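Q: Data: coords_1.cif, mmCIF, C-alpha atoms.
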```cif
data_target
#
loop_
_atom_site.label_atom_id
_atom_site.label_comp_id
_atom_site.auth_asym_id
_atom_site.auth_seq_id
_atom_site.Cartn_x
_atom_site.Cartn_y
_atom_site.Cartn_z
CA MET A 111 104.29 141.87 7.11
CA ASP A 112 106.17 145.14 7.68
CA GLY A 113 109.84 144.17 7.42
CA SER A 114 110.91 147.31 9.29
CA ARG A 115 109.60 145.86 12.56
CA GLN A 116 111.44 142.77 13.76
CA ALA A 117 108.93 140.16 14.85
CA VAL A 118 108.71 138.02 17.94
CA LEU A 119 109.67 134.57 16.65
CA VAL A 120 108.30 131.40 18.22
CA GLU A 121 109.00 127.78 17.38
CA VAL A 122 105.69 125.97 16.88
CA SER A 123 105.88 122.43 18.17
CA ASP A 124 103.49 119.52 18.53
CA ARG A 125 104.90 118.88 22.00
CA PRO A 126 102.67 119.80 24.97
CA LEU A 127 104.80 122.85 25.70
CA GLY A 128 104.09 124.29 22.26
CA GLU A 129 100.87 125.99 23.35
CA HIS A 130 102.57 127.65 26.33
CA ALA A 131 105.34 128.99 24.08
CA VAL A 132 102.86 130.41 21.57
CA ARG A 133 100.90 132.11 24.36
CA TRP A 134 104.07 133.65 25.83
CA ALA A 135 105.21 134.84 22.40
CA ALA A 136 101.79 136.29 21.56
CA ASP A 137 101.73 138.19 24.87
CA GLU A 138 105.22 139.57 24.20
CA ALA A 139 104.31 140.64 20.68
CA ALA A 140 101.16 142.38 21.92
CA LEU A 141 102.97 144.10 24.81
CA ARG A 142 105.73 145.33 22.50
CA SER A 143 103.41 146.20 19.56
CA LEU A 144 105.38 143.87 17.28
CA PRO A 145 104.36 141.26 14.69
CA LEU A 146 104.37 137.59 15.64
CA ARG A 147 106.16 135.03 13.47
CA LEU A 148 105.19 131.36 13.85
CA LEU A 149 107.86 128.93 12.61
CA HIS A 150 107.55 125.14 12.38
CA VAL A 151 110.63 123.20 11.26
CA GLN A 152 110.45 119.73 9.73
CA VAL A 153 113.60 117.73 9.09
CA GLY A 154 113.88 117.52 5.31
CA VAL A 155 110.13 117.22 4.59
CA ALA A 156 109.15 120.54 3.04
CA SER A 157 112.16 120.74 0.71
CA THR A 158 111.99 117.14 -0.54
CA LEU A 159 108.23 116.89 -1.09
CA PRO A 160 108.23 118.30 -4.68
CA TYR A 161 110.87 115.77 -5.72
CA ARG A 162 109.15 112.66 -4.41
CA GLU A 163 107.42 110.47 -6.94
CA PRO A 164 103.65 110.97 -6.66
CA GLY A 165 101.97 107.86 -5.31
CA SER A 166 105.14 106.51 -3.71
CA ARG A 167 105.27 105.71 -0.01
CA ALA A 168 107.86 108.46 0.50
CA HIS A 169 105.65 111.03 -1.25
CA SER A 170 102.60 109.99 0.78
CA TRP A 171 104.54 110.21 4.05
CA ALA A 172 106.04 113.59 3.16
CA THR A 173 102.61 114.88 2.14
CA HIS A 174 101.16 113.75 5.47
CA LEU A 175 103.92 115.43 7.48
CA HIS A 176 103.66 118.60 5.40
CA ALA A 177 99.92 118.76 6.04
CA ARG A 178 100.53 118.14 9.74
CA GLY A 179 102.93 121.07 9.85
CA GLU A 180 100.44 123.36 8.15
CA THR A 181 97.79 122.27 10.66
CA LEU A 182 100.08 123.04 13.61
CA LEU A 183 100.76 126.50 12.26
CA ARG A 184 97.07 127.19 11.64
CA GLU A 185 96.17 126.04 15.17
CA ALA A 186 98.95 128.18 16.66
CA ARG A 187 97.74 131.20 14.70
CA ASP A 188 94.18 130.66 15.91
CA GLN A 189 95.42 130.32 19.49
CA ALA A 190 97.38 133.58 19.32
CA LEU A 191 94.43 135.45 17.82
CA ARG A 192 92.08 134.20 20.55
CA HIS A 193 94.18 136.10 23.09
CA HIS A 194 95.19 139.08 20.92
CA ARG A 195 92.79 139.66 18.05
CA GLU A 196 94.73 142.55 16.53
CA LEU A 197 98.07 140.74 16.25
CA GLU A 198 99.87 140.80 12.91
CA ILE A 199 100.92 137.17 12.34
CA ASP A 200 103.11 135.46 9.78
CA THR A 201 103.52 131.67 9.52
CA GLU A 202 106.33 129.65 7.97
CA LEU A 203 106.79 125.93 7.40
CA ALA A 204 110.52 125.29 6.96
CA SER A 205 112.77 122.27 6.60
CA GLY A 206 116.26 121.44 7.77
CA ARG A 207 118.07 121.05 11.07
CA PRO A 208 115.91 122.91 13.63
CA ALA A 209 118.77 124.68 15.43
CA ARG A 210 120.27 125.89 12.15
CA VAL A 211 116.92 127.10 10.79
CA LEU A 212 116.13 128.86 14.05
CA ARG A 213 119.54 130.56 14.20
CA GLU A 214 119.02 131.91 10.69
CA ALA A 215 115.47 133.06 11.46
CA ALA A 216 116.66 134.73 14.66
CA ARG A 217 118.79 137.16 12.63
CA SER A 218 115.65 139.14 11.81
CA ALA A 219 113.84 138.67 15.14
CA SER A 220 113.51 140.94 18.16
CA LEU A 221 112.90 137.97 20.47
CA VAL A 222 113.01 134.18 20.05
CA VAL A 223 110.67 131.93 22.06
CA LEU A 224 111.31 128.19 22.37
CA PRO A 225 109.30 125.47 24.15
CA THR A 226 111.80 123.77 26.49
CA PRO A 227 111.00 120.86 28.83
CA ARG A 228 112.11 121.03 32.45
CA GLN A 229 114.98 118.60 33.11
CA ALA A 230 117.63 118.02 35.73
CA VAL A 231 120.27 120.71 36.05
CA ALA A 232 123.04 118.14 35.60
CA ASP A 233 121.77 117.24 32.15
CA SER A 234 122.88 120.58 30.72
CA LEU A 235 126.53 120.33 31.71
CA PHE A 236 127.53 118.72 28.45
CA ALA A 237 127.10 120.01 25.05
CA PRO A 238 124.20 120.73 23.05
CA ARG A 239 121.55 118.16 22.47
CA ASP A 240 118.58 120.30 21.43
CA GLU A 241 117.53 123.63 19.97
CA ALA A 242 117.80 125.47 23.29
CA ASP A 243 121.41 124.42 23.88
CA ALA A 244 122.49 125.05 20.30
CA LEU A 245 120.74 128.40 19.92
CA THR A 246 121.64 129.99 23.26
CA GLY A 247 124.43 132.52 22.96
CA HIS A 248 124.23 132.90 19.18
CA PRO A 249 121.38 135.38 18.38
CA ALA A 250 121.72 139.12 18.79
CA CYS A 251 118.31 139.12 20.48
CA PRO A 252 116.94 137.63 23.71
CA VAL A 253 115.95 133.94 23.77
CA VAL A 254 113.03 132.83 25.96
CA LEU A 255 112.87 129.18 27.03
CA VAL A 256 109.27 128.48 28.07
CA ARG A 257 108.42 125.80 30.62
CA GLU A 258 105.06 124.35 31.57
CA PRO A 259 103.42 126.69 34.12
CA LEU A 260 103.86 125.81 37.78
CA SER A 261 100.83 125.80 40.03
CA GLY A 262 100.81 128.27 42.88
CA VAL A 263 102.75 131.05 41.10
CA PRO A 264 100.51 134.16 41.04
CA ASP A 265 100.01 136.28 37.93
CA ASP A 266 101.67 139.23 39.67
CA ALA A 267 104.83 137.27 40.55
CA PRO A 268 107.95 139.39 39.99
CA VAL A 269 110.56 139.15 37.28
CA ALA A 270 113.84 137.82 38.73
CA VAL A 271 117.25 138.72 37.30
CA GLY A 272 120.83 137.68 37.98
CA ALA A 273 122.83 140.88 38.50
CA ASP A 274 126.56 140.59 39.18
CA GLY A 275 127.71 143.86 37.65
CA THR A 276 129.37 142.31 34.60
CA PRO A 277 128.62 143.63 31.09
CA SER A 278 126.53 140.54 30.31
CA ALA A 279 124.51 141.00 33.50
CA GLU A 280 123.99 144.68 32.66
CA VAL A 281 122.22 143.65 29.46
CA ALA A 282 120.09 141.18 31.46
CA VAL A 283 119.16 143.80 34.06
CA GLY A 284 117.98 146.23 31.38
CA LEU A 285 115.89 143.51 29.77
CA ALA A 286 114.42 142.47 33.13
CA PHE A 287 113.35 146.03 33.96
CA GLU A 288 111.69 146.31 30.56
CA GLU A 289 109.89 142.99 31.04
CA ALA A 290 108.68 143.96 34.53
CA PHE A 291 107.47 147.33 33.25
CA LEU A 292 105.58 145.83 30.30
CA ARG A 293 103.90 143.20 32.46
CA GLY A 294 103.17 145.53 35.38
CA VAL A 295 104.99 143.49 38.03
CA GLY A 296 107.90 143.95 40.41
CA LEU A 297 111.55 143.01 40.00
CA VAL A 298 113.88 140.95 42.19
CA ALA A 299 117.57 141.62 41.47
CA ILE A 300 119.82 138.85 42.75
CA LEU A 301 123.58 139.10 43.27
CA VAL A 302 125.22 135.83 44.29
CA ARG A 303 128.64 135.63 45.89
CA LYS A 304 130.46 132.33 46.07
CA PRO A 305 131.53 131.40 49.63
CA ARG A 306 135.21 132.05 48.90
CA ASP A 307 134.33 135.60 47.83
CA ALA A 308 132.32 136.38 50.96
CA VAL A 309 134.82 135.61 53.72
CA ARG A 310 135.70 139.24 54.48
CA ALA A 311 133.46 140.96 57.00
CA ASP A 312 132.61 143.78 54.62
CA ALA A 313 132.25 141.64 51.48
CA LEU A 314 128.46 141.45 51.56
CA GLU A 315 128.10 145.16 52.29
CA GLU A 316 130.28 145.90 49.27
CA ALA A 317 128.14 143.54 47.20
CA ARG A 318 124.95 145.34 48.24
CA ALA A 319 126.46 148.69 47.29
CA ARG A 320 127.60 147.29 43.94
CA LEU A 321 124.13 145.90 43.26
CA SER A 322 122.45 149.21 44.10
CA GLU A 323 124.83 151.04 41.80
CA SER A 324 124.16 148.65 38.90
CA LEU A 325 120.40 149.20 39.25
CA ALA A 326 120.38 152.98 39.69
CA GLY A 327 120.14 154.02 36.04
CA HIS A 328 117.43 151.46 35.27
CA ARG A 329 115.38 152.56 38.28
CA GLU A 330 115.41 156.11 36.94
CA ARG A 331 114.23 154.90 33.53
CA TYR A 332 111.46 152.71 35.02
CA PRO A 333 110.41 154.51 38.24
CA GLY A 334 107.15 152.57 38.46
CA VAL A 335 108.85 149.19 38.84
CA GLU A 336 109.09 148.07 42.46
CA VAL A 337 112.54 146.58 43.09
CA ARG A 338 113.81 144.18 45.74
CA GLN A 339 117.54 143.51 46.07
CA ASP A 340 118.88 140.16 47.32
CA VAL A 341 122.55 139.44 48.01
CA LEU A 342 123.07 135.71 48.55
CA VAL A 343 126.01 133.39 49.21
CA GLY A 344 126.31 130.02 47.47
CA ASP A 345 126.25 128.51 44.01
CA PRO A 346 124.85 131.05 41.49
CA ALA A 347 123.02 128.50 39.33
CA ALA A 348 121.42 126.73 42.29
CA LEU A 349 120.27 129.95 43.96
CA LEU A 350 118.90 131.46 40.75
CA ALA A 351 117.09 128.20 40.00
CA SER A 352 115.56 128.34 43.48
CA ALA A 353 114.43 131.93 42.91
CA SER A 354 112.76 130.86 39.66
CA ARG A 355 110.17 128.87 41.64
CA ARG A 356 108.62 132.13 42.85
CA ALA A 357 109.10 134.26 39.74
CA ARG A 358 107.11 135.04 36.59
CA CYS A 359 110.35 134.60 34.67
CA LEU A 360 114.10 134.61 35.29
CA VAL A 361 116.47 136.78 33.22
CA VAL A 362 120.19 136.01 32.96
CA GLY A 363 123.07 137.19 30.81
CA THR A 364 125.33 135.14 28.61
CA ARG A 365 128.92 135.40 27.42
CA ARG A 366 130.13 134.53 23.94
CA ARG A 367 132.16 131.33 23.69
CA SER A 368 133.10 129.18 20.75
CA GLY A 369 134.12 125.64 19.94
CA LEU A 370 134.98 123.24 22.73
CA LYS A 371 134.70 125.86 25.45
CA GLU A 372 131.08 126.56 24.55
CA ALA A 373 130.40 122.83 24.57
CA LEU A 374 132.04 121.84 27.84
CA LEU A 375 132.45 124.89 30.08
CA ALA A 376 128.91 125.47 31.31
CA SER A 377 128.22 129.04 32.36
CA THR A 378 125.48 129.81 34.85
CA SER A 379 123.05 130.55 32.03
CA ARG A 380 123.89 127.31 30.21
CA THR A 381 123.42 125.31 33.43
CA LEU A 382 120.05 127.00 33.99
CA ILE A 383 118.75 126.07 30.53
CA HIS A 384 117.20 122.87 31.93
CA GLY A 385 117.11 123.80 35.59
CA THR A 386 114.60 126.60 36.07
CA ASP A 387 110.96 126.36 37.11
CA CYS A 388 109.72 129.35 35.12
CA PRO A 389 110.40 130.80 31.67
CA LEU A 390 114.10 131.61 31.34
CA ILE A 391 115.04 134.72 29.35
CA ILE A 392 118.64 134.70 28.17
CA ALA A 393 119.86 138.15 27.21
CA PRO A 394 122.17 138.47 24.21
CA ALA A 395 125.89 138.83 24.80
CA PRO A 396 127.00 142.49 24.88
CA SER A 397 129.03 142.02 21.68
CA ALA A 398 125.98 140.55 19.90
CA ARG A 399 123.80 143.65 20.26
#
```
Could you render the structure from this file as structure tokens?
A:
Amino acid sequence: MDGSRQAVLVEVSDRPLGEHAVRWAADEAALRSLPLRLLHVQVGVASTLPYREPGSRAHSWATHLHARGETLLREARDQALRHHRELEIDTELASGRPARVLREAARSASLVVLPTPRQAVADSLFAPRDEADALTGHPACPVVLVREPLSGVPDDAPVAVGADGTPSAEVAVGLAFEEAFLRGVGLVAILVRKPRDAVRADALEEARARLSESLAGHRERYPGVEVRQDVLVGDPAALLASASRRARCLVVGTRRRSGLKEALLASTSRTLIHGTDCPLIIAPAPSAR
């Protein structure tokens, strides 16, 4: 594989969502003319297999799991090639803690795609229990959390993006315009004001002007993308989650945090990790780019 082009990285899983994640990643790689990297992580199996005594129960079990991992990667590769025959694909069977392996692999990726089950929004308020929680906010590239497809969402559904004018949202808006352009769909830019910030009579008009200003440069760069602007009042996470039910994907920004704050102070993007009804694209923090 050409190391000068950073690949689209996808976690290959034997969970039902694995196929959806591979399909999304393959589409992204094809749209961006990038290689696709398929990664399956097994906890301790691949690294310990050579040291197990042949014929022992541990060796037999490790051999079985190793073979299962290779099969998953082969099936994922075949699936990607069915949709995009010209894709350049690399596969890797790794061992270790999944979040740690994925963080390391993400250093050389242009995009990371993870299969992520849909759960209640409240579940994500406390700190990380899975790869999505642990990985979000760390890579210097976007992270896509792929859900199972919802019925009734058309193929030409727009890309939705949270746009509040902050530096993190600016990164998200740029990524959302690019995604909408590549997929040939429209864009819905959403600015949410909390009720306490919308009490003045002119507050919403100011918000609309601010939203238009934040989109102006991107509209010039992608003139073919049809844009709708929504200024809403309420809880940002709840309203963005609601918008995700009618979107091809939802793009949000993230801010860098560390330690206990990252664990306990859920930002809008962290709350949305398990609360959206479409793929969630989390843009890298401005300082991570």
Q: Could you tell me which of A:Pro208, A:Pro227, A:Gly179, A:Pro126 comes closest to Pro389 of chain A if we count all atoms listed in the file?
A: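 For Pro389 of chain A, the nearest of the candidates is A:Pro227.
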Q: Going by the chain IDs and residue numbers used in this file, which residues fall under the PyMOL selection byres ((chain A and resi 354-359) around 7)? Write them as a VMD selection string.
A: chain A and resid 263 267 to 270 350 to 353 360 to 361 386 to 390
Q: What's the separation between atom CA of Gly385 of chain A and atom CA of Leu224 of chain A, in Å to one decimal place?
A: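 Atom-to-atom, atom CA of Gly385 of chain A and atom CA of Leu224 of chain A are spaced 15.1 Å apart.
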Q: List the spatial neighbours of Val362 of chain A as a PyMOL selection string - criterion: any atom at most 8 Å away, all atoms listed in the file, same-chain residues fewer than 5 positions off excluded.
A: chain A and resi 271-273+279+282-283+379+390-393
Q: Restricting the calculation to only C-alpha atoms: of A:Ala219, A:Ser143, A:Leu149, A:Ala209, which residue gets closest to His194 of chain A?
A: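 Closest to His194 of chain A of all the choices is A:Ser143.
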Q: Name the closest residue to Leu127 of chain A among the candidates A:Thr226, A:Arg213, A:Ser170, A:Ala190; distances are taken between atoms, counting all atoms listed in the file.
A: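 The answer is A:Thr226, which sits nearest to Leu127 of chain A.
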Q: Got a sec: who's within 9 Å of segment 196-205 of chain A, counting only C-alpha atoms, leaving out chain neighbours fewer than 5 positions off, as number ranges by chain?
A: A: 111, 117, 136, 139-140, 143-158, 176, 179-180, 183-184, 187, 190-191, 211
Q: With the PyMOL selection byres ((chain A and resi 290-294) around 9) as the selection, what would be picked from this file? Answer as a VMD selection string, please.
A: chain A and resid 138 141 to 142 266 268 to 269 285 to 289 295 to 297 332 334 to 336
Q: So how many Å separate atom CA of Glu316 of chain A and atom CA of Val341 of chain A, to one decimal?
A: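 Atom CA of Val341 of chain A lies 10.2 Å from atom CA of Glu316 of chain A.
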Q: May I ask which of the residues A:Glu185, A:Glu258, A:Glu121, A:Asp312 is the closest one to Ala216 of chain A, counting only C-alpha atoms?
A: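 Under the stated criterion, the closest residue is A:Glu121.
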Q: So what does the PyMOL selection byres ((chain A and resi 324-331) around 7) actually pick up in this one, as a CSV table (one decimal) with C-alpha atoms, keeping the file's coordinate frame?
A:
```csv
chain,number,residue,atom,x,y,z
A,275,GLY,CA,127.7,143.9,37.6
A,284,GLY,CA,118.0,146.2,31.4
A,287,PHE,CA,113.4,146.0,34.0
A,320,ARG,CA,127.6,147.3,43.9
A,321,LEU,CA,124.1,145.9,43.3
A,322,SER,CA,122.4,149.2,44.1
A,323,GLU,CA,124.8,151.0,41.8
A,332,TYR,CA,111.5,152.7,35.0
A,333,PRO,CA,110.4,154.5,38.2
```
Q: Env of Pro305 of chain A: 7 Å cut, atoms = all atoms listed in the file, seq-sep filter 4 positions within chain, self excluded. Answer as a VMD selection string.
A: chain A and resid 309 343 to 344
Q: A:Lys304, A:Gln116, A:Ala135, A:Arg338: which is nearest Leu255 of chain A, counting all atoms listed in the file?
A: A:Ala135
Q: Expressed in Å to a single decimal, how great is the separation between atom CA of Arg192 of chain A and atom CA of Ser261 of chain A?
A: 22.9 Å
Q: Mind checking which residues fall within 9 Å of Arg303 of chain A, counting only C-alpha atoms, ignoring those fewer than 4 positions away in the same chain, and posting them as a list in words?
A: Asp274, Asp307, Ala308, Ala313, Leu314, Ala317, Val341, Leu342, Val343, Gly344, Asp345 and Pro346 of chain A
Q: With 5 Å of padding per side, what axis-aligned box (centre and edge lengths, Å, one decimal) covers all the listed atoms of segment 187-206 of chain A? Give it as JSON.
A:
```
{"center_x": 104.2, "center_y": 132.0, "center_z": 14.8, "size_x": 34.2, "size_y": 31.1, "size_z": 26.5}
```
Q: Could you tell me which of A:His130, A:Arg125, A:Arg207, A:His193 comes closest to Pro259 of chain A if we count only C-alpha atoms?
A: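 Among the listed residues, A:His130 lies closest to Pro259 of chain A.
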Q: Please, can segment 266-289 of chain A be completed to N, CA, C and O atoms and returned as an mmCIF file, in the frame of the given file?
A:
```
data_model
loop_
_atom_site.group_PDB
_atom_site.id
_atom_site.type_symbol
_atom_site.label_atom_id
_atom_site.label_comp_id
_atom_site.auth_asym_id
_atom_site.auth_seq_id
_atom_site.Cartn_x
_atom_site.Cartn_y
_atom_site.Cartn_z
ATOM 1 N N ASP A 266 100.879 138.024 39.394
ATOM 2 C CA ASP A 266 101.670 139.230 39.670
ATOM 3 C C ASP A 266 103.042 138.888 40.254
ATOM 4 O O ASP A 266 103.689 139.746 40.872
ATOM 5 N N ALA A 267 103.498 137.645 40.074
ATOM 6 C CA ALA A 267 104.830 137.270 40.550
ATOM 7 C C ALA A 267 105.877 138.146 39.868
ATOM 8 O O ALA A 267 105.717 138.536 38.706
ATOM 9 N N PRO A 268 106.966 138.469 40.558
ATOM 10 C CA PRO A 268 107.950 139.390 39.990
ATOM 11 C C PRO A 268 108.841 138.737 38.941
ATOM 12 O O PRO A 268 108.944 137.512 38.846
ATOM 13 N N VAL A 269 109.485 139.578 38.172
ATOM 14 C CA VAL A 269 110.560 139.150 37.280
ATOM 15 C C VAL A 269 111.830 139.065 38.125
ATOM 16 O O VAL A 269 112.136 139.987 38.888
ATOM 17 N N ALA A 270 112.570 137.972 38.019
ATOM 18 C CA ALA A 270 113.840 137.820 38.730
ATOM 19 C C ALA A 270 114.985 137.970 37.730
ATOM 20 O O ALA A 270 114.863 137.574 36.569
ATOM 21 N N VAL A 271 116.110 138.531 38.195
ATOM 22 C CA VAL A 271 117.250 138.720 37.300
ATOM 23 C C VAL A 271 118.552 138.503 38.065
ATOM 24 O O VAL A 271 118.693 138.910 39.218
ATOM 25 N N GLY A 272 119.497 137.832 37.419
ATOM 26 C CA GLY A 272 120.830 137.680 37.980
ATOM 27 C C GLY A 272 121.646 138.920 37.653
ATOM 28 O O GLY A 272 121.804 139.285 36.483
ATOM 29 N N ALA A 273 122.153 139.598 38.688
ATOM 30 C CA ALA A 273 122.830 140.880 38.500
ATOM 31 C C ALA A 273 124.157 140.874 39.249
ATOM 32 O O ALA A 273 124.186 141.066 40.461
ATOM 33 N N ASP A 274 125.252 140.622 38.523
ATOM 34 C CA ASP A 274 126.560 140.590 39.180
ATOM 35 C C ASP A 274 127.475 141.737 38.767
ATOM 36 O O ASP A 274 128.658 141.762 39.109
ATOM 37 N N GLY A 275 126.921 142.702 38.023
ATOM 38 C CA GLY A 275 127.710 143.860 37.650
ATOM 39 C C GLY A 275 128.564 143.708 36.415
ATOM 40 O O GLY A 275 129.199 144.664 35.975
ATOM 41 N N THR A 276 128.592 142.518 35.818
ATOM 42 C CA THR A 276 129.370 142.310 34.600
ATOM 43 C C THR A 276 128.620 142.891 33.406
ATOM 44 O O THR A 276 127.410 143.128 33.468
ATOM 45 N N PRO A 277 129.319 143.112 32.270
ATOM 46 C CA PRO A 277 128.620 143.630 31.090
ATOM 47 C C PRO A 277 127.462 142.747 30.642
ATOM 48 O O PRO A 277 126.413 143.255 30.223
ATOM 49 N N SER A 278 127.619 141.421 30.725
ATOM 50 C CA SER A 278 126.530 140.540 30.310
ATOM 51 C C SER A 278 125.335 140.668 31.247
ATOM 52 O O SER A 278 124.182 140.632 30.818
ATOM 53 N N ALA A 279 125.597 140.826 32.542
ATOM 54 C CA ALA A 279 124.510 141.000 33.500
ATOM 55 C C ALA A 279 123.832 142.351 33.317
ATOM 56 O O ALA A 279 122.626 142.486 33.530
ATOM 57 N N GLU A 280 124.576 143.362 32.899
ATOM 58 C CA GLU A 280 123.990 144.680 32.660
ATOM 59 C C GLU A 280 122.923 144.607 31.572
ATOM 60 O O GLU A 280 121.863 145.219 31.677
ATOM 61 N N VAL A 281 123.209 143.844 30.518
ATOM 62 C CA VAL A 281 122.220 143.650 29.460
ATOM 63 C C VAL A 281 120.980 142.954 30.033
ATOM 64 O O VAL A 281 119.838 143.323 29.728
ATOM 65 N N ALA A 282 121.204 141.934 30.863
ATOM 66 C CA ALA A 282 120.090 141.180 31.460
ATOM 67 C C ALA A 282 119.246 142.072 32.364
ATOM 68 O O ALA A 282 118.010 141.987 32.355
ATOM 69 N N VAL A 283 119.892 142.920 33.156
ATOM 70 C CA VAL A 283 119.160 143.800 34.060
ATOM 71 C C VAL A 283 118.265 144.763 33.270
ATOM 72 O O VAL A 283 117.097 144.976 33.621
ATOM 73 N N GLY A 284 118.795 145.331 32.196
ATOM 74 C CA GLY A 284 117.980 146.230 31.380
ATOM 75 C C GLY A 284 116.782 145.518 30.792
ATOM 76 O O GLY A 284 115.662 146.061 30.772
ATOM 77 N N LEU A 285 116.988 144.293 30.327
ATOM 78 C CA LEU A 285 115.890 143.510 29.770
ATOM 79 C C LEU A 285 114.870 143.156 30.837
ATOM 80 O O LEU A 285 113.650 143.179 30.592
ATOM 81 N N ALA A 286 115.331 142.835 32.037
ATOM 82 C CA ALA A 286 114.420 142.470 33.130
ATOM 83 C C ALA A 286 113.552 143.657 33.552
ATOM 84 O O ALA A 286 112.346 143.504 33.810
ATOM 85 N N PHE A 287 114.134 144.841 33.628
ATOM 86 C CA PHE A 287 113.350 146.030 33.960
ATOM 87 C C PHE A 287 112.270 146.266 32.888
ATOM 88 O O PHE A 287 111.118 146.576 33.216
ATOM 89 N N GLU A 288 112.656 146.126 31.638
ATOM 90 C CA GLU A 288 111.690 146.310 30.560
ATOM 91 C C GLU A 288 110.552 145.298 30.664
ATOM 92 O O GLU A 288 109.367 145.645 30.512
ATOM 93 N N GLU A 289 110.896 144.040 30.925
ATOM 94 C CA GLU A 289 109.890 142.990 31.040
ATOM 95 C C GLU A 289 108.944 143.261 32.216
ATOM 96 O O GLU A 289 107.718 143.113 32.102
#
```
